[in-house]
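Contents: one structure, followed by commentary.
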Amino acid sequence: MSPSPRRILITTALPYANGALHLGHLVEYIQADIWARFHKLNGHDCLFISGNDAHGTPIMISAQKRGITPEALVAAVHEERITDFAGFLVDFDYFDATTHAPENQALANQIYYALRDNKDIFTREIAQAFDPEKQLFLPDRYVKGDCPRCGANDQYGDNCEACGATYAPTELKNPVSALSGATPIQKHSLHYFFQLEKYTDALKKWINSGKLQPQIANKLAEWFEVGLQPWDISRDAPYFGFEIPDAPGKYFYVWLDAPIGYMASLKKLCATRKDICFDDYWKKDSVAELYHFIGKDIVYFHALFWPALLMGSNFRTPSAIFTHGFLNLNGQKMSKSRGTFITARDYLTHLNPEYLRYYFAAKLNSHVEDIDLNLTDFVQRINADLIGKYINIASRCAGFIHKFFAGKLGELTASSIRGELNQDPHVLYQHFIAAGEVIAKHYEQREFQHAVREIMALADLANQYIADQQPWIVAKDTAQLAEVQTICTAGLNLFRLLTLYLKPILPTTALAVENFLNTPEPLTWQNSQQPLFNHLIQPFKPLLQRIDPESINALLADTSKATATL
Ligand code: MSP
Ligand code: ZN
């Protein structure tokens, strides 16, 4: 298909290292994993990396609550996380344990010095809420009080959930620290700012070259309209982060070094592999493609701050940023208080990871849309599509091949055409091959929902072919047995192509099918054009089971039990 291999680096947002992965996170990690697997299957030189985001006040506080160091907390979370990613078949080439690492610090300092040399950094005193008991400056989310507009109680320092007002924490009535309950005082301190507004024209030009989805580009146009503001990149001690090299007691705000973690992660990977080189991906004139998958809540950081930091420090900028929407559960926001936050771990206890991968793929497209995990629809969809349509093809054909032909496939002879021309197995097979191009295009454009629709339409055709040819009837006449072999050979070769097309989504099943069909090598887009003829296959074992709705009830019971103890 694709003539010359491309060099591609794919990242996902670095999840904060202070809590369990949940199904919302997995929208992103599964989406990016499918995309990375697709490119690898097409022979591209593709790396897929991410890591834990270790810094910031919430992680510092979580660690304090548990009586451990932030480093120990991050290490413990990392262990769980790599197990969860493996469980969901999210196959990172490298998942960095922590952003709190010398490689990241060196890059953060390098970038900071470059910005300072450009005169992009200035300092200014600001007043901020300070917890006099904990002796700590309070991020907006850690100040609670009554809404200055509607008076609703117990609202966060940045916005009111009752009336939707946004405001500064200093405007809250009767403010308290969410950490100690103490009344915060206003305290002045010196902060470091990055002059983002200096990059307005460069950013506009960058954005206009098609790096963002139209919806996101429009959002940015609104921000440009209002005018970009200097960005506060420093925090005062105590803070879990990197000390600013020429400013003792001041730390980089977590969002300064977090995206630099993308670079550090690759740097660490390069240290273990001779065949890849950091500069090939990050130097200014790099021809490698660089893509960041992110959620819609962190666009500002990725589409404004991050490219501006890179421009200011003479690195390359991303080729594109792919933003996705949020996951809802049964039409509602997942919520800890309602006990509907399904963790990756709980899901894996009850259900097959490939089912969620398939369900997300069937719903994902290139737009920034929220996606709904409707559990009733989930069960129906998996049982109808994967078991009823896809796996069904193999289970209908394999038995005959073993019963009458000692496990050997035959050929697609012309004599086997019964009925209409579109029932000619050659024609059908060629139709499947041609559809592979269309499906590949959908994958490439991150229109997974269209890829899945196309694949299931092919599965319908294959099932129709078998239903029309009726091998179970033909088999009753021993004189026609050769025809049974042809029909089932066609069915299994169509099944093989469907397996290839589903392989980015269902890698474990694809491997099982490769074993079952005894394919000479793992299926790729390139090596699958020729059908398997006169070829021995393995006995058929059930590849996927139907979902028993009971397992959904058991999952939900575990989820509400687990969230009750939070
Ligand atoms: N640490 C930052 C990212 C730094 S990237 C340099 C962060 N972490 S996060 O753990 O809060 O989120 C990680 C990713 O998961 C983000 O892209 C976020 O949008 C995504 N999601 C978190 N919850 C989500 C849903 N409920 N639904 C879909 N995606 C969600 O942000
Ligand atoms: Zn309000």
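Residue numbering restarts at 1 for every chain of the structure tokens, chains are lettered A, B, ... in their displayed order, and ligands are numbered from 1 as they appear.
Residues of protein, DNA or RNA having any atom at most 6 Å from ligand 1, counting only C-alpha atoms and all ligand atoms, are Ala13, Leu14, Pro15, Tyr16, Gly24, His25, Val27, Glu28, Asp53, Ala258, Pro259, Ile294, Gly295, Lys296, Asp297, Gly325, Phe326 and Leu327 of chain A.
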Long-range neighbours of A:Leu26 as a VMD selection string, 10 Å cut-off, only C-alpha atoms, 4 positions minimum in chain: chain A and resid 21 to 22 30 to 33 84 to 85 88 90 327 343 to 344 356 to 357 360
Closest atom pairs, stretch 485-547 of chain A residues within 10 Å of stretch 427-442 of chain A, only C-alpha atoms, as a tab-separated table:
```
residue	atom	partner	partner_atom	distance
A:Ala490	CA	A:Tyr429	CA	7.7
A:Gly491	CA	A:Tyr429	CA	9.4
A:Asn493	CA	A:Tyr429	CA	7.8
A:Leu494	CA	A:Tyr429	CA	6.5
A:Phe495	CA	A:Phe432	CA	10.0
A:Leu497	CA	A:Phe432	CA	7.2
A:Leu498	CA	A:Phe432	CA	8.3
A:Leu500	CA	A:Gly436	CA	9.1
A:Tyr501	CA	A:Gly436	CA	7.1
A:Leu502	CA	A:Ile439	CA	9.8
A:Trp525	CA	A:Gly436	CA	7.9
A:Ser528	CA	A:Ile433	CA	8.7
A:Gln529	CA	A:Ile433	CA	6.7
A:Gln530	CA	A:Ile433	CA	9.4
A:Pro531	CA	A:Tyr429	CA	8.3
```
Generate the output file for the selected residues, N, CA, C and O atoms, as a compact mmCIF listing (two decimals), in the first residue's frame.
```txt
# COMPACT_ATOMS: atom_id res chain seq x y z
N ALA A 490 -13.35 -20.41 0.63
CA ALA A 490 -13.68 -19.00 0.38
C ALA A 490 -14.05 -18.32 1.69
O ALA A 490 -13.52 -17.25 2.03
N GLY A 491 -14.94 -18.95 2.47
CA GLY A 491 -15.39 -18.36 3.74
C GLY A 491 -14.21 -18.05 4.65
O GLY A 491 -14.12 -16.96 5.21
N ASN A 493 -11.05 -17.67 3.82
CA ASN A 493 -10.17 -16.63 3.28
C ASN A 493 -10.77 -15.24 3.45
O ASN A 493 -10.06 -14.26 3.68
N LEU A 494 -12.09 -15.15 3.37
CA LEU A 494 -12.73 -13.86 3.66
C LEU A 494 -12.57 -13.52 5.14
O LEU A 494 -12.28 -12.38 5.51
N PHE A 495 -12.73 -14.54 5.98
CA PHE A 495 -12.54 -14.36 7.41
C PHE A 495 -11.12 -13.88 7.72
O PHE A 495 -10.91 -13.01 8.58
N LEU A 497 -9.23 -12.03 5.81
CA LEU A 497 -9.11 -10.60 5.49
C LEU A 497 -9.82 -9.74 6.54
O LEU A 497 -9.31 -8.69 6.94
N LEU A 498 -10.98 -10.20 7.00
CA LEU A 498 -11.67 -9.45 8.05
C LEU A 498 -10.79 -9.35 9.30
O LEU A 498 -10.73 -8.31 9.97
N LEU A 500 -7.52 -9.35 9.39
CA LEU A 500 -6.50 -8.33 9.14
C LEU A 500 -7.09 -6.93 9.37
O LEU A 500 -6.48 -6.10 10.04
N TYR A 501 -8.27 -6.69 8.84
CA TYR A 501 -8.85 -5.35 8.93
C TYR A 501 -9.20 -4.98 10.37
O TYR A 501 -9.20 -3.82 10.75
N LEU A 502 -9.48 -6.01 11.17
CA LEU A 502 -9.80 -5.75 12.59
C LEU A 502 -8.57 -5.78 13.48
O LEU A 502 -8.64 -5.49 14.67
N TRP A 525 -1.11 -5.64 5.94
CA TRP A 525 -1.81 -5.17 4.75
C TRP A 525 -1.08 -5.63 3.48
O TRP A 525 -1.67 -5.91 2.46
N SER A 528 -1.15 -9.92 2.55
CA SER A 528 -2.41 -10.67 2.63
C SER A 528 -3.20 -10.70 1.33
O SER A 528 -4.34 -11.14 1.32
N GLN A 529 -2.60 -10.21 0.26
CA GLN A 529 -3.33 -10.15 -1.01
C GLN A 529 -3.69 -11.55 -1.54
O GLN A 529 -4.78 -11.77 -2.03
N GLN A 530 -2.75 -12.47 -1.43
CA GLN A 530 -2.96 -13.82 -1.96
C GLN A 530 -3.73 -14.68 -0.96
O GLN A 530 -3.34 -14.76 0.19
N PRO A 531 -4.79 -15.34 -1.42
CA PRO A 531 -5.52 -16.21 -0.50
C PRO A 531 -4.72 -17.46 -0.12
O PRO A 531 -3.74 -17.81 -0.77
```
Length of the atom CA of A:Pro230 to atom CA of A:Glu197 vector [Å]: 6.3 Å
Selection within 10 Å of ligand 2 by only C-alpha atoms and all ligand atoms, output as a ChimeraX atom specification: /A:146-153,155,159-167,172
Neighbour list for stretch 67-78 of chain A as a ChimeraX atom specification, cut-off 9 Å, only C-alpha atoms, skip fewer than 6 positions in-chain: /A:16-20,51-55,59-61,96-98,100,240
Can you spit out the residues from that selection as a compact mmCIF listing (two decimals), in the first residue's frame, using N, CA and C atoms?
```txt
# COMPACT_ATOMS: atom_id res chain seq x y z
N TYR A 16 -1.87 11.87 35.03
CA TYR A 16 -1.38 12.20 36.37
C TYR A 16 -1.22 10.94 37.18
N ALA A 17 -0.12 10.89 37.92
CA ALA A 17 0.21 9.65 38.63
C ALA A 17 -0.39 9.64 40.04
N ASN A 18 -1.66 9.97 40.16
CA ASN A 18 -2.26 9.91 41.50
C ASN A 18 -3.66 9.34 41.47
N GLY A 19 -3.82 8.23 40.85
CA GLY A 19 -5.14 7.63 40.89
C GLY A 19 -5.24 6.56 39.83
N ALA A 20 -6.30 5.78 39.92
CA ALA A 20 -6.45 4.66 39.01
C ALA A 20 -6.82 5.13 37.61
N GLY A 51 3.82 8.44 29.26
CA GLY A 51 4.46 8.31 30.56
C GLY A 51 3.58 8.92 31.63
N ASN A 52 4.01 8.80 32.87
CA ASN A 52 3.25 9.39 33.97
C ASN A 52 3.64 10.83 34.19
N ASP A 53 2.65 11.64 34.48
CA ASP A 53 2.87 13.04 34.84
C ASP A 53 2.94 13.08 36.37
N ALA A 54 4.14 13.36 36.87
CA ALA A 54 4.37 13.18 38.31
C ALA A 54 4.19 14.45 39.14
N HIS A 55 4.25 15.61 38.50
CA HIS A 55 4.39 16.85 39.27
C HIS A 55 3.07 17.52 39.65
N ILE A 59 -0.62 15.78 43.48
CA ILE A 59 0.18 14.57 43.73
C ILE A 59 0.95 14.72 45.04
N MET A 60 1.44 15.93 45.28
CA MET A 60 2.14 16.19 46.54
C MET A 60 1.18 15.93 47.72
N ILE A 61 -0.04 16.41 47.60
CA ILE A 61 -1.02 16.27 48.69
C ILE A 61 -1.44 14.80 48.85
N ASP A 96 7.04 6.07 30.09
CA ASP A 96 8.01 6.57 31.05
C ASP A 96 7.40 6.59 32.46
N ALA A 97 8.15 6.07 33.42
CA ALA A 97 7.62 5.95 34.79
C ALA A 97 7.33 7.30 35.43
N THR A 98 8.08 8.32 35.08
CA THR A 98 7.92 9.60 35.78
C THR A 98 8.50 10.77 35.00
N HIS A 100 9.53 13.19 36.77
CA HIS A 100 10.48 13.71 37.74
C HIS A 100 11.82 13.00 37.56
N PHE A 240 5.92 19.88 44.37
CA PHE A 240 6.63 18.74 43.79
C PHE A 240 6.84 19.02 42.31
```
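Between A:Arg446 and the candidates A:Leu506, A:Ile34, A:Ile260, A:Gly410, the tightest atom-to-atom separation, counting only C-alpha atoms, involves A:Ile34.
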Stretch 308-509 of chain A: residues DSSP assigns to strand (DSSP E), reported as a PyMOL selection string: chain A and resi 320-324+327-329+332-333+371-373
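Taking atom CA of A:Leu555 and atom CA of A:Tyr347 as the two end points, the separation is 6.4 Å.
Residues in contact range of A:Leu386, defined as at most 9 Å between only C-alpha atoms, with sequence neighbours fewer than 4 positions away removed, read Tyr355, Tyr358, Arg381, Ile382, Tyr390, Ile391, Asn392, Met456, Leu544 and Arg546 of chain A.
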Can those selected residues be exported to a file as an mmCIF file, in the first residue's frame so that it contains C-alpha atoms?
```
data_model
loop_
_atom_site.group_PDB
_atom_site.id
_atom_site.type_symbol
_atom_site.label_atom_id
_atom_site.label_comp_id
_atom_site.auth_asym_id
_atom_site.auth_seq_id
_atom_site.Cartn_x
_atom_site.Cartn_y
_atom_site.Cartn_z
ATOM 1 C CA TYR A 355 -14.804 -5.665 23.598
ATOM 2 C CA TYR A 358 -14.135 -2.607 19.547
ATOM 3 C CA ARG A 381 -23.174 -4.644 19.712
ATOM 4 C CA ILE A 382 -20.423 -7.022 20.771
ATOM 5 C CA TYR A 390 -17.384 -11.994 12.470
ATOM 6 C CA ILE A 391 -16.536 -15.130 14.457
ATOM 7 C CA ASN A 392 -19.596 -16.866 13.031
ATOM 8 C CA MET A 456 -19.085 -5.282 9.282
ATOM 9 C CA LEU A 544 -14.503 -14.946 21.527
ATOM 10 C CA ARG A 546 -20.728 -13.757 23.972
#
```
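Distances to A:Tyr253 were evaluated for A:Ile371, A:Ala129, A:Ile233, A:Ile298 using only C-alpha atoms, and the minimum falls at A:Ile233.
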Polymer residues at most 7 Å from A:Leu412, only C-alpha atoms, same-chain spacing of 6 or more positions, as a PyMOL selection string: chain A and resi 425-426+486+490
Secondary structure check, alpha helix (DSSP H) residues of stretch 86-149 of chain A, as number ranges by chain: A: 86-87, 102-117
Pull N, CA and C atoms from the residues just selected and write them as a PDB file, in the first residue's frame.
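The resulting file, again.pdb, is shown below:
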```pdb
ATOM      1  N   ALA A  86      -1.239  -2.983  29.720  1.00  0.00           N
ATOM      2  CA  ALA A  86      -1.036  -4.296  29.102  1.00  0.00           C
ATOM      3  C   ALA A  86      -2.371  -5.029  29.034  1.00  0.00           C
ATOM      4  N   GLY A  87      -3.161  -4.908  30.100  1.00  0.00           N
ATOM      5  CA  GLY A  87      -4.465  -5.568  30.133  1.00  0.00           C
ATOM      6  C   GLY A  87      -5.358  -5.125  28.988  1.00  0.00           C
ATOM      7  N   PRO A 102      15.952  13.142  35.627  1.00  0.00           N
ATOM      8  CA  PRO A 102      17.012  14.044  35.160  1.00  0.00           C
ATOM      9  C   PRO A 102      16.902  14.393  33.676  1.00  0.00           C
ATOM     10  N   GLU A 103      16.475  13.428  32.858  1.00  0.00           N
ATOM     11  CA  GLU A 103      16.359  13.698  31.412  1.00  0.00           C
ATOM     12  C   GLU A 103      15.344  14.818  31.172  1.00  0.00           C
ATOM     13  N   ASN A 104      14.251  14.771  31.903  1.00  0.00           N
ATOM     14  CA  ASN A 104      13.201  15.775  31.722  1.00  0.00           C
ATOM     15  C   ASN A 104      13.657  17.118  32.282  1.00  0.00           C
ATOM     16  N   GLN A 105      14.340  17.061  33.417  1.00  0.00           N
ATOM     17  CA  GLN A 105      14.815  18.303  34.026  1.00  0.00           C
ATOM     18  C   GLN A 105      15.811  19.012  33.107  1.00  0.00           C
ATOM     19  N   ALA A 106      16.715  18.241  32.500  1.00  0.00           N
ATOM     20  CA  ALA A 106      17.716  18.846  31.620  1.00  0.00           C
ATOM     21  C   ALA A 106      17.035  19.529  30.429  1.00  0.00           C
ATOM     22  N   LEU A 107      16.026  18.860  29.860  1.00  0.00           N
ATOM     23  CA  LEU A 107      15.312  19.450  28.719  1.00  0.00           C
ATOM     24  C   LEU A 107      14.498  20.674  29.156  1.00  0.00           C
ATOM     25  N   ALA A 108      13.868  20.593  30.315  1.00  0.00           N
ATOM     26  CA  ALA A 108      13.081  21.728  30.812  1.00  0.00           C
ATOM     27  C   ALA A 108      13.993  22.931  31.030  1.00  0.00           C
ATOM     28  N   ASN A 109      15.157  22.676  31.610  1.00  0.00           N
ATOM     29  CA  ASN A 109      16.099  23.779  31.820  1.00  0.00           C
ATOM     30  C   ASN A 109      16.574  24.362  30.491  1.00  0.00           C
ATOM     31  N   GLN A 110      16.885  23.479  29.563  1.00  0.00           N
ATOM     32  CA  GLN A 110      17.351  23.931  28.245  1.00  0.00           C
ATOM     33  C   GLN A 110      16.301  24.841  27.594  1.00  0.00           C
ATOM     34  N   ILE A 111      15.060  24.429  27.659  1.00  0.00           N
ATOM     35  CA  ILE A 111      13.990  25.211  27.051  1.00  0.00           C
ATOM     36  C   ILE A 111      13.804  26.533  27.806  1.00  0.00           C
ATOM     37  N   TYR A 112      13.859  26.458  29.111  1.00  0.00           N
ATOM     38  CA  TYR A 112      13.707  27.673  29.916  1.00  0.00           C
ATOM     39  C   TYR A 112      14.819  28.678  29.610  1.00  0.00           C
ATOM     40  N   TYR A 113      16.051  28.186  29.538  1.00  0.00           N
ATOM     41  CA  TYR A 113      17.179  29.096  29.231  1.00  0.00           C
ATOM     42  C   TYR A 113      17.004  29.736  27.859  1.00  0.00           C
ATOM     43  N   ALA A 114      16.543  28.937  26.900  1.00  0.00           N
ATOM     44  CA  ALA A 114      16.352  29.488  25.546  1.00  0.00           C
ATOM     45  C   ALA A 114      15.303  30.605  25.591  1.00  0.00           C
ATOM     46  N   LEU A 115      14.236  30.391  26.321  1.00  0.00           N
ATOM     47  CA  LEU A 115      13.183  31.406  26.416  1.00  0.00           C
ATOM     48  C   LEU A 115      13.720  32.645  27.130  1.00  0.00           C
ATOM     49  N   ARG A 116      14.506  32.414  28.176  1.00  0.00           N
ATOM     50  CA  ARG A 116      15.068  33.540  28.929  1.00  0.00           C
ATOM     51  C   ARG A 116      15.988  34.357  28.018  1.00  0.00           C
ATOM     52  N   ASP A 117      16.802  33.646  27.202  1.00  0.00           N
ATOM     53  CA  ASP A 117      17.706  34.353  26.293  1.00  0.00           C
ATOM     54  C   ASP A 117      16.932  35.154  25.246  1.00  0.00           C
TER      55      ASP A 117
END
```
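Counting only C-alpha atoms, the residue from A:Gln195, A:Thr57, A:Gln423, A:Thr508 that sits nearest to A:Ala467 is A:Gln423.
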